[in-house]
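Below: one structure, written as C-alpha cells.
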Amino acid sequence: RSFTAGIVRTVHARAHARADQFTHILQAGSIPRMIGQREIVMKLLSALAVGLLLAGPLAAQDWDKGFAAIEAGDFATALQVVRPLAEQGQSWAQGMLGLMYANGKGVPQDLAEAAKWYRLAAEQGEAIAQTSLGLMYANGNGVLQDYSEAVKWWRLAAEQGDTDAQWGLGLMYADGNGVLQDAVLAHMWFNISGANGNAGGSENRAKIEKRMTPDQLEEAQRRARVCLASNYQDCG
C-alpha cells in the first residue's frame, strides 16, 4: 500500500512539471470548462500508475516508456505504447488514448474517436473517463449533446469520489439540465465537491446559497452529510 502511494506521489510531481503537454479542450456551450490541464493529467496518470502496479512488470515497463515519451513531447512513441494496450482492453490505456484524440497529441484531433475510447474505459469503471465522457455529452463534442447522458456518466464518477463529476452534477441540478431543477441537490453536490477540494464546487455553492431559503440550506447540508457518510451510496 505504501509503495502504491509512493508511485502516485511521484506521478503527481512529474505530472505537475509536464502538465502543459496536454490541454483538455472540451468546453463549449453553457457548461463551463471543468477539468484543467494539470488536473486531468494528474488524475489520469495517477489512475494509470495504480492500475499498472496490478498489471505486472511488463506493463509497468510499457508505462515507463510511454511516460518518458510524453515527458519528452514524443506523442508518436507514446501512442505506440498506449494503443496496443488500449486495444487489449486495459482501461487506463483506453482513457489515455481518448485524451490523446481529444487533444490531437500523437494523432489527428478527433472528438468522435476520443468519445469512443473514453466510453470503453468508462464502461470498465474508470472515473476519469466517465467524467470526460459526461463532459462531451454536456457540450455536444464528438457526440450529440445529451444532458441525460452527461448526468448518467457524471453520477457514476461522482459516486467514485471524482470531484469534477460532483461539480458537474451540481451544475446540472442548478440549471435543470438532464434532471429536474433542484437547488437542494445542486448545493449538496457543490458542497461535496468543495469539501473534496474542488474550487469550482466551493464557488458555486456560495452562489447558489444566495437563492436558497434557510430550510433548503439546512436540508442540503443534511443530505451532503448523509451522502458522504454512506460513501456516495445514499445521495438522493
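Each chain in the C-alpha cells gets a letter, A, B, ..., in the order shown, and its residues are numbered from 1; ligands are numbered from 1 in order too.
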
- prompt: Near A:Lys207, within 12 Å and counting only C-alpha atoms, which residues show up once chain neighbours fewer than 5 positions away are dropped, as a ChimeraX atom specification?
  reply: /A:170-171,174,183,186-187,190-191,200-202,212

Residue selection dump (all heavy atoms) as a PDB file, in the first residue's frame:
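After the write, out23.pdb holds the following:
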```
ATOM      1  N   GLY A 170     -23.753  19.159  -9.735  1.00  0.00           N
ATOM      2  CA  GLY A 170     -24.286  20.380  -9.139  1.00  0.00           C
ATOM      3  C   GLY A 170     -24.756  21.365 -10.189  1.00  0.00           C
ATOM      4  O   GLY A 170     -25.831  21.973 -10.066  1.00  0.00           O
ATOM      5  N   LEU A 171     -23.976  21.523 -11.245  1.00  0.00           N
ATOM      6  CA  LEU A 171     -24.358  22.421 -12.337  1.00  0.00           C
ATOM      7  C   LEU A 171     -25.657  21.969 -12.992  1.00  0.00           C
ATOM      8  O   LEU A 171     -26.527  22.787 -13.319  1.00  0.00           O
ATOM      9  CB  LEU A 171     -23.241  22.471 -13.388  1.00  0.00           C
ATOM     10  CG  LEU A 171     -21.926  23.130 -12.980  1.00  0.00           C
ATOM     11  CD1 LEU A 171     -20.873  22.918 -14.062  1.00  0.00           C
ATOM     12  CD2 LEU A 171     -22.118  24.619 -12.711  1.00  0.00           C
ATOM     13  N   ALA A 174     -28.533  22.680 -10.717  1.00  0.00           N
ATOM     14  CA  ALA A 174     -28.742  24.125 -10.591  1.00  0.00           C
ATOM     15  C   ALA A 174     -29.498  24.686 -11.786  1.00  0.00           C
ATOM     16  O   ALA A 174     -30.354  25.567 -11.647  1.00  0.00           O
ATOM     17  CB  ALA A 174     -27.403  24.836 -10.437  1.00  0.00           C
ATOM     18  N   ALA A 183     -32.419  23.103  -6.255  1.00  0.00           N
ATOM     19  CA  ALA A 183     -31.351  23.857  -5.594  1.00  0.00           C
ATOM     20  C   ALA A 183     -30.744  23.067  -4.435  1.00  0.00           C
ATOM     21  O   ALA A 183     -29.542  23.190  -4.155  1.00  0.00           O
ATOM     22  CB  ALA A 183     -31.897  25.188  -5.085  1.00  0.00           C
ATOM     23  N   ALA A 186     -28.397  20.556  -5.963  1.00  0.00           N
ATOM     24  CA  ALA A 186     -27.275  21.303  -6.532  1.00  0.00           C
ATOM     25  C   ALA A 186     -26.301  21.702  -5.428  1.00  0.00           C
ATOM     26  O   ALA A 186     -25.086  21.505  -5.545  1.00  0.00           O
ATOM     27  CB  ALA A 186     -27.778  22.533  -7.274  1.00  0.00           C
ATOM     28  N   HIS A 187     -26.827  22.269  -4.351  1.00  0.00           N
ATOM     29  CA  HIS A 187     -25.974  22.673  -3.233  1.00  0.00           C
ATOM     30  C   HIS A 187     -25.270  21.468  -2.630  1.00  0.00           C
ATOM     31  O   HIS A 187     -24.073  21.534  -2.298  1.00  0.00           O
ATOM     32  CB  HIS A 187     -26.812  23.373  -2.162  1.00  0.00           C
ATOM     33  CG  HIS A 187     -26.007  23.942  -1.040  1.00  0.00           C
ATOM     34  ND1 HIS A 187     -25.476  23.165  -0.021  1.00  0.00           N
ATOM     35  CD2 HIS A 187     -25.615  25.225  -0.772  1.00  0.00           C
ATOM     36  CE1 HIS A 187     -24.817  23.932   0.826  1.00  0.00           C
ATOM     37  NE2 HIS A 187     -24.885  25.183   0.403  1.00  0.00           N
ATOM     38  N   PHE A 190     -22.389  20.569  -4.955  1.00  0.00           N
ATOM     39  CA  PHE A 190     -21.366  21.618  -4.878  1.00  0.00           C
ATOM     40  C   PHE A 190     -20.619  21.525  -3.547  1.00  0.00           C
ATOM     41  O   PHE A 190     -19.389  21.647  -3.494  1.00  0.00           O
ATOM     42  CB  PHE A 190     -21.994  23.007  -4.999  1.00  0.00           C
ATOM     43  CG  PHE A 190     -22.476  23.373  -6.375  1.00  0.00           C
ATOM     44  CD1 PHE A 190     -23.603  24.173  -6.537  1.00  0.00           C
ATOM     45  CD2 PHE A 190     -21.812  22.942  -7.510  1.00  0.00           C
ATOM     46  CE1 PHE A 190     -24.054  24.531  -7.800  1.00  0.00           C
ATOM     47  CE2 PHE A 190     -22.246  23.293  -8.781  1.00  0.00           C
ATOM     48  CZ  PHE A 190     -23.375  24.093  -8.929  1.00  0.00           C
ATOM     49  N   ASN A 191     -21.373  21.303  -2.475  1.00  0.00           N
ATOM     50  CA  ASN A 191     -20.788  21.230  -1.142  1.00  0.00           C
ATOM     51  C   ASN A 191     -19.816  20.049  -1.036  1.00  0.00           C
ATOM     52  O   ASN A 191     -18.699  20.180  -0.524  1.00  0.00           O
ATOM     53  CB  ASN A 191     -21.914  21.086  -0.115  1.00  0.00           C
ATOM     54  CG  ASN A 191     -21.468  21.400   1.306  1.00  0.00           C
ATOM     55  OD1 ASN A 191     -20.385  21.947   1.524  1.00  0.00           O
ATOM     56  ND2 ASN A 191     -22.302  21.060   2.271  1.00  0.00           N
ATOM     57  N   GLY A 200     -14.158  24.997  -7.859  1.00  0.00           N
ATOM     58  CA  GLY A 200     -15.397  25.312  -8.569  1.00  0.00           C
ATOM     59  C   GLY A 200     -16.620  24.938  -7.760  1.00  0.00           C
ATOM     60  O   GLY A 200     -17.624  25.653  -7.767  1.00  0.00           O
ATOM     61  N   GLY A 201     -16.542  23.809  -7.057  1.00  0.00           N
ATOM     62  CA  GLY A 201     -17.650  23.400  -6.211  1.00  0.00           C
ATOM     63  C   GLY A 201     -17.898  24.407  -5.104  1.00  0.00           C
ATOM     64  O   GLY A 201     -19.043  24.802  -4.842  1.00  0.00           O
ATOM     65  N   SER A 202     -16.843  24.852  -4.459  1.00  0.00           N
ATOM     66  CA  SER A 202     -16.981  25.835  -3.375  1.00  0.00           C
ATOM     67  C   SER A 202     -17.545  27.150  -3.892  1.00  0.00           C
ATOM     68  O   SER A 202     -18.415  27.763  -3.262  1.00  0.00           O
ATOM     69  CB  SER A 202     -15.621  26.073  -2.712  1.00  0.00           C
ATOM     70  OG  SER A 202     -15.129  24.895  -2.129  1.00  0.00           O
ATOM     71  N   MET A 212     -31.382  30.384  -1.861  1.00  0.00           N
ATOM     72  CA  MET A 212     -31.998  29.319  -1.092  1.00  0.00           C
ATOM     73  C   MET A 212     -32.576  29.836   0.219  1.00  0.00           C
ATOM     74  O   MET A 212     -32.062  30.782   0.805  1.00  0.00           O
ATOM     75  CB  MET A 212     -30.974  28.206  -0.804  1.00  0.00           C
ATOM     76  CG  MET A 212     -30.456  27.502  -2.043  1.00  0.00           C
ATOM     77  SD  MET A 212     -29.105  26.332  -1.686  1.00  0.00           S
ATOM     78  CE  MET A 212     -30.002  25.067  -0.751  1.00  0.00           C
TER      79      MET A 212
END
```

Would you kindly return, as a compact mmCIF listing (two decimals) with N, CA, C and O atoms, in the first residue's frame, each protein, DNA or RNA residue with an atom no farther than 8 Å from any atom of A:Lys116, considering only C-alpha atoms and excluding same-chain residues fewer than 4 positions away?
```txt
# COMPACT_ATOMS: atom_id res chain seq x y z
N GLY A 98 -8.13 8.12 -25.39
CA GLY A 98 -9.19 9.11 -25.55
C GLY A 98 -8.68 10.52 -25.35
O GLY A 98 -9.01 11.44 -26.10
N ALA A 112 -14.87 12.42 -31.97
CA ALA A 112 -15.69 11.20 -32.01
C ALA A 112 -14.86 9.99 -31.58
O ALA A 112 -15.34 9.12 -30.85
N LEU A 120 -15.21 3.23 -23.78
CA LEU A 120 -14.70 1.90 -23.46
C LEU A 120 -14.11 1.87 -22.05
O LEU A 120 -14.32 0.92 -21.29
```

*Can you pull out every residue within 10 Å of stretch 124-128 of chain A, counting only C-alpha atoms, but drop anything in the same chain fewer than 5 positions away, and send it as a count of residues only?*
28

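Residues with any atom within 9 Å of A:Met172, counting only C-alpha atoms and excluding same-chain neighbours fewer than 2 positions away, are Ile31, Tyr147, Ala150, Val151, Trp167, Gly168, Leu169, Gly170, Ala174, Asp175, Gly176, Asn177, Gly178, Val179, Leu180, Gln181, Asp182 and Ala186 of chain A.
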
Here atom CA of A:Thr163 and atom CA of A:Asn204 stand apart by 13.1 Å

Non-local contacts of A:Asp234 (12 Å; only C-alpha atoms; under 3 positions in same chain excluded) as a ChimeraX atom specification
/A:159,188,222-231

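For the residues A:Pro214, A:Gly73, A:Pro84, A:Gly142, ranking by smallest atom-to-atom distance to A:Tyr101 using only C-alpha atoms places A:Gly142 first.
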
Discussion item. Could you go through stretch 60-183 of chain A and tell me which residues DSSP, when run on the backbone, assigns to alpha helix (DSSP H), listing them as a PyMOL selection string?
Written reply: chain A and resi 60-71+75-87+91-103+111-123+127-139+147-158+163-175+183

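Neighbouring residues of A:Leu185 at 8 Å or closer, counting only C-alpha atoms and skipping chain neighbours under 5 positions away, are Gly170, Tyr173, Ala220 and Gly236 of chain A.
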
How would the residues just picked look written out with N, CA and C atoms as a compact mmCIF listing (two decimals), in the first residue's frame?
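Contents of the output file selection21.txt:
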```
# COMPACT_ATOMS: atom_id res chain seq x y z
N GLY A 170 -23.75 19.16 -9.73
CA GLY A 170 -24.29 20.38 -9.14
C GLY A 170 -24.76 21.37 -10.19
N TYR A 173 -28.12 20.13 -11.73
CA TYR A 173 -29.26 20.36 -10.85
C TYR A 173 -29.55 21.86 -10.70
N ALA A 220 -30.01 20.69 2.46
CA ALA A 220 -28.89 20.40 1.56
C ALA A 220 -27.67 19.96 2.36
N GLY A 236 -29.52 10.73 -2.70
CA GLY A 236 -30.74 11.17 -3.37
C GLY A 236 -31.37 12.38 -2.72
```

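Minimum atom-to-atom distance to A:Val82, evaluated using only C-alpha atoms, belongs to A:Trp117 out of A:Gln109, A:Trp117, A:Asn198, A:Leu144.
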